[in-house]
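*Asks:* There's a structure below that I have some questions on.
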Amino acid sequence: MKIVVCIKQVPATNEAKIDPETKRIIREGVKAILNPFDTYALEEGIQLREKFGGEVIALSMGPPKAEQILREALALGVNRAILLSDRNFAGSDTWATSYVLAQAIKRIGQVDLVICGKQAIDGDTAQVGPGIAAHLGWEQATYVMAVEELSSSCIRVKRMHEDGYDICKISLPALITVVKDVNIPRVPTLKGWLFSLKQDIPVWKPEDIKAVKTKIGLNGSPTMVVKIEPPPPRQTRTKRIEGTARECALSLLRELRSRNII
Amino acid sequence: MKAFTELERKKYNNIWVVAEVSSGKIQSVTYELIGTAKGLAKQRNSEVWVVVLGWRAIENWDMLFAYGADVLIIVDNPVWSGFIDELEAKILKRLIIRYKPEVVICGATSRGRALIPRVAVMIHSGLTADCTGLTIDPENGDLLQTRPAFGGNIIATIRSTFYRPQMATVRPRVMKMLEPDFNRTGRIIREKVLANDIKKVKEIISIYHDTETAVNLADARIIISGGRGMQGKKGFDLLKRLAEKVGGAAVGASRAAVDAGWISYAHQVGQTGQTVQAKVYIACGISGQIQHLVGMQSSNLIIAIDQNPNTPMMQIADIAVIGDVFTIIPEIIRQITEL
């Protein structure tokens, strides 16, 4: 079994703010982390390898410093890691990003399963996983909460929906995206970190994955961000309710009724 | 990638809504999107088309017309049940190529967010997820798509000027339904599932509609959410009782409560759970770590109940009730009953 886990380095969400003067996202001094959903994707890949043998490869597209999260993946237990980093990749939207990752997966070759986190916490789109599957023409299962069975030809998973869940079987090669319920991620060991520091992480450029220039970066992105701004300020005046339980309950219900909520 | 010329773009007309079908019913988000589509179609002087995929029941299609649809495309097949992403994507691609819609919008649900990105890649067009606003640029007729990013700390406006159709997903409960007009009618187009559509697609083995403990945070008008302060499963039983009393309410939870095993992950609100936009969010015993706040701070009205008046949640709340959740919530339940 050859498994690729796609991961992303993201700014810690709480620290992403807009500079009120320049209207640009403040990047200086913002902590960069491994996307939280991707920790479940990595764990799932490693667990499946432990059960079925084979190899797990961590793959990420980003600036050179995204190497940090690939080292983290190596420390957790993936066999090798690959970074896609080039000026021409910059500015890719979800269409172009999924194209680049799909091209890299083709270059890796003979991949049976790709695992992604449900979404990244910066963009929150959940579009790259299904996008990769579409570029590769593979079957997909999103919001996976449990992998029930894996064989050399197919995988059976439990998918989470708003009104329940379903069990489905997809043929390999395939792509799945996972939610937090799928496993409990391990933490890297010291031995893992020592291993990770000794590994070479190759950096692939567009020519390494035969990426067409018109399909990557800003040129390859059908969507364009035309404006970013801070959200409209919340009314910050908090109305406080205090007193006995009965008084609190009555005042709260009065508030709700005056707003036609109940 | 080749951008569309202006002449090519002009061949694309009408605003499409991809219906959200689950539990054998058309979900309310579909009617909300039709409301938005109607406004866009008016500005573009075009029609609202609704695509219904995988329909197995006999439906009162008049409802879709009443809420604003002009044309329905219905694609059905007796062997088709459940959500088969690959099949739906192939059909949608074919329909888009044949009928050339200018805009395609779809619910940002677990199904919509799996289907639409697949289609956008297959037909090579731009897609914006989880939009909170969709308007037409009066200067060139482009769809302007606004959406929150970075956990709601940033609002971005996005367009895809050079590609058609322009595609977007929208969360349930963000857009408003129109008043229905039951005198309205429209055209129905029926399309077939082709043999090739059902090749290389997943097999659905079983479907569980969890109606008893239906979580559906995305669709709930009111979310009553509990955190560490609810102290255990019994605390969440109390919240479930309150949710039943209030009506139309779902129970949410902080990560701490889920990790403690008091309630299942499907209820988790926040960074590694779901992002919600409720009309009313009632946080009970939730201190309000930033990872939780980014998942709920776009709710319209935030109410917090907590003994500690100084928590982050109590600071951002519109209404902060200071006191013990275990005496106040039973009192609220009692008072509602007495109404």
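Identifiers in this document derive from the order of the structure tokens: chains are assigned A, B, ..., residues are numbered from 1 separately in each chain, and ligands are numbered from 1 in order of occurrence.
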Write out as a PyMOL selection string all residues of range 94-334 of chain B that DSSP puts in alpha helix (DSSP H) for this structure's backbone.

*Replies:* chain B and resi 94-99+112-123+233-246+255-259+290-296+312-316+325-334

*Asks:* Please identify all polymer residues within 8 Å of Leu101 in chain A, counting only C-alpha atoms, omitting same-chain residues fewer than 3 positions from it, and present them as an mmCIF file with N, CA and C atoms, in the first residue's frame.

*Replies:*
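The result, stored in around_25.cif:
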```
data_model
loop_
_atom_site.group_PDB
_atom_site.id
_atom_site.type_symbol
_atom_site.label_atom_id
_atom_site.label_comp_id
_atom_site.auth_asym_id
_atom_site.auth_seq_id
_atom_site.Cartn_x
_atom_site.Cartn_y
_atom_site.Cartn_z
ATOM 1 N N CYS A 6 -1.652 14.652 2.185
ATOM 2 C CA CYS A 6 -1.413 16.050 1.813
ATOM 3 C C CYS A 6 -1.613 16.927 3.043
ATOM 4 N N LEU A 59 3.096 15.157 1.732
ATOM 5 C CA LEU A 59 3.262 16.059 0.597
ATOM 6 C C LEU A 59 2.668 17.411 0.963
ATOM 7 N N SER A 60 3.424 18.474 0.687
ATOM 8 C CA SER A 60 2.893 19.800 0.991
ATOM 9 C C SER A 60 3.335 20.798 -0.052
ATOM 10 N N MET A 61 2.447 21.760 -0.354
ATOM 11 C CA MET A 61 2.840 22.870 -1.209
ATOM 12 C C MET A 61 2.883 24.115 -0.341
ATOM 13 N N THR A 97 -4.155 24.729 -6.814
ATOM 14 C CA THR A 97 -3.505 23.961 -5.751
ATOM 15 C C THR A 97 -3.778 22.470 -5.930
ATOM 16 N N SER A 98 -5.030 22.134 -6.207
ATOM 17 C CA SER A 98 -5.350 20.711 -6.351
ATOM 18 C C SER A 98 -4.704 20.141 -7.613
ATOM 19 N N ALA A 104 1.858 16.119 -8.574
ATOM 20 C CA ALA A 104 2.900 15.531 -7.726
ATOM 21 C C ALA A 104 2.571 14.079 -7.393
ATOM 22 N N ILE A 105 1.294 13.799 -7.178
ATOM 23 C CA ILE A 105 0.871 12.431 -6.863
ATOM 24 C C ILE A 105 1.132 11.517 -8.077
ATOM 25 N N ILE A 132 -8.388 17.398 -5.950
ATOM 26 C CA ILE A 132 -7.322 16.455 -6.320
ATOM 27 C C ILE A 132 -7.947 15.205 -6.938
#
```

*Asks:* Using the chain letters and numbers from this document, which residues of range 2-201 of chain A does DSSP assign to strand (DSSP E), as a VMD selection string?

*Replies:* chain A and resid 2 to 7 9 to 11 32 to 34 55 to 61 80 to 84 113 to 117 139 to 150 154 to 161 164 to 171 174 to 178

*Asks:* I'd like the neighbourhood of Pro233 in chain A as a list in words, where a residue qualifies if any of its atoms comes within 12 Å (using only C-alpha atoms), though same-chain residues fewer than 3 positions away should be ignored.

*Replies:*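 My list of contacting residues is Glu229, Pro230, Thr236 and Arg237 of chain A; Gly152, Asn153, Ile154, Ile155, Gln297, Ser298 and Ile316 of chain B.
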
*Asks:* For the selection just defined, write its residues with C-alpha atoms to a file, as a compact mmCIF listing (two decimals), in the first residue's frame.

*Replies:*
```
# COMPACT_ATOMS: atom_id res chain seq x y z
CA GLU A 229 -11.33 43.68 4.89
CA PRO A 230 -11.94 43.12 8.58
CA THR A 236 -19.57 45.01 21.94
CA ARG A 237 -21.98 46.29 24.56
CA GLY B 152 -13.87 35.01 10.55
CA ASN B 153 -11.06 37.49 11.16
CA ILE B 154 -11.07 38.48 7.50
CA ILE B 155 -13.81 39.03 4.93
CA GLN B 297 -18.67 34.25 16.47
CA SER B 298 -20.61 35.06 13.29
CA ILE B 316 -18.14 38.80 23.40
```

*Asks:* Between A:Glu207, A:Glu67, A:Glu255, A:Glu44, which one has atoms that come closest to chain B, using only C-alpha atoms?

*Replies:*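 Nearest to chain B: A:Glu255.
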
*Asks:* Quick one: of B:Val121, B:Ile158, B:Leu134, B:Ala266, who's nearest to Leu136 in chain A, counting only C-alpha atoms?

*Replies:* B:Val121

*Asks:* Pick out the residues sitting within 7 Å of range 83-97 of chain B, and hand them over as a list in words; count only C-alpha atoms, and ignore anything fewer than 2 positions along from it in its own chain.

*Replies:*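 Once the adjacent positions are removed, what remains is Glu139 of chain A; Leu53, Ser81, Tyr99, Lys100, Pro101, Ala114, Leu115, Arg118, Val119, Ile123, Asp197, Ile198, Val201 and Lys202 of chain B.
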
*Asks:* So that I have them on file, write out the residues from the current selection with C-alpha atoms, as a PDB file, in the first residue's frame.

*Replies:*
```pdb
ATOM      1  CA  GLU A 139     -13.289   8.098  -6.514  1.00  0.00           C
TER       2      GLU A 139
ATOM      3  CA  LEU B  53     -30.234  15.070  -8.648  1.00  0.00           C
ATOM      4  CA  SER B  81     -29.789   5.990  -3.691  1.00  0.00           C
ATOM      5  CA  TYR B  99     -27.271  24.450 -20.854  1.00  0.00           C
ATOM      6  CA  LYS B 100     -24.465  26.916 -20.004  1.00  0.00           C
ATOM      7  CA  PRO B 101     -25.525  28.573 -16.745  1.00  0.00           C
ATOM      8  CA  ALA B 114     -17.859  17.279  -1.748  1.00  0.00           C
ATOM      9  CA  LEU B 115     -19.726  17.559  -5.049  1.00  0.00           C
ATOM     10  CA  ARG B 118     -15.209  18.098  -8.041  1.00  0.00           C
ATOM     11  CA  VAL B 119     -17.394  19.672 -10.703  1.00  0.00           C
ATOM     12  CA  ILE B 123     -15.326  21.953 -16.021  1.00  0.00           C
ATOM     13  CA  ASP B 197     -22.347   7.888 -15.447  1.00  0.00           C
ATOM     14  CA  ILE B 198     -22.520   4.847 -13.198  1.00  0.00           C
ATOM     15  CA  VAL B 201     -18.471   5.425  -8.813  1.00  0.00           C
ATOM     16  CA  LYS B 202     -18.729   4.505  -5.160  1.00  0.00           C
TER      17      LYS B 202
END
```
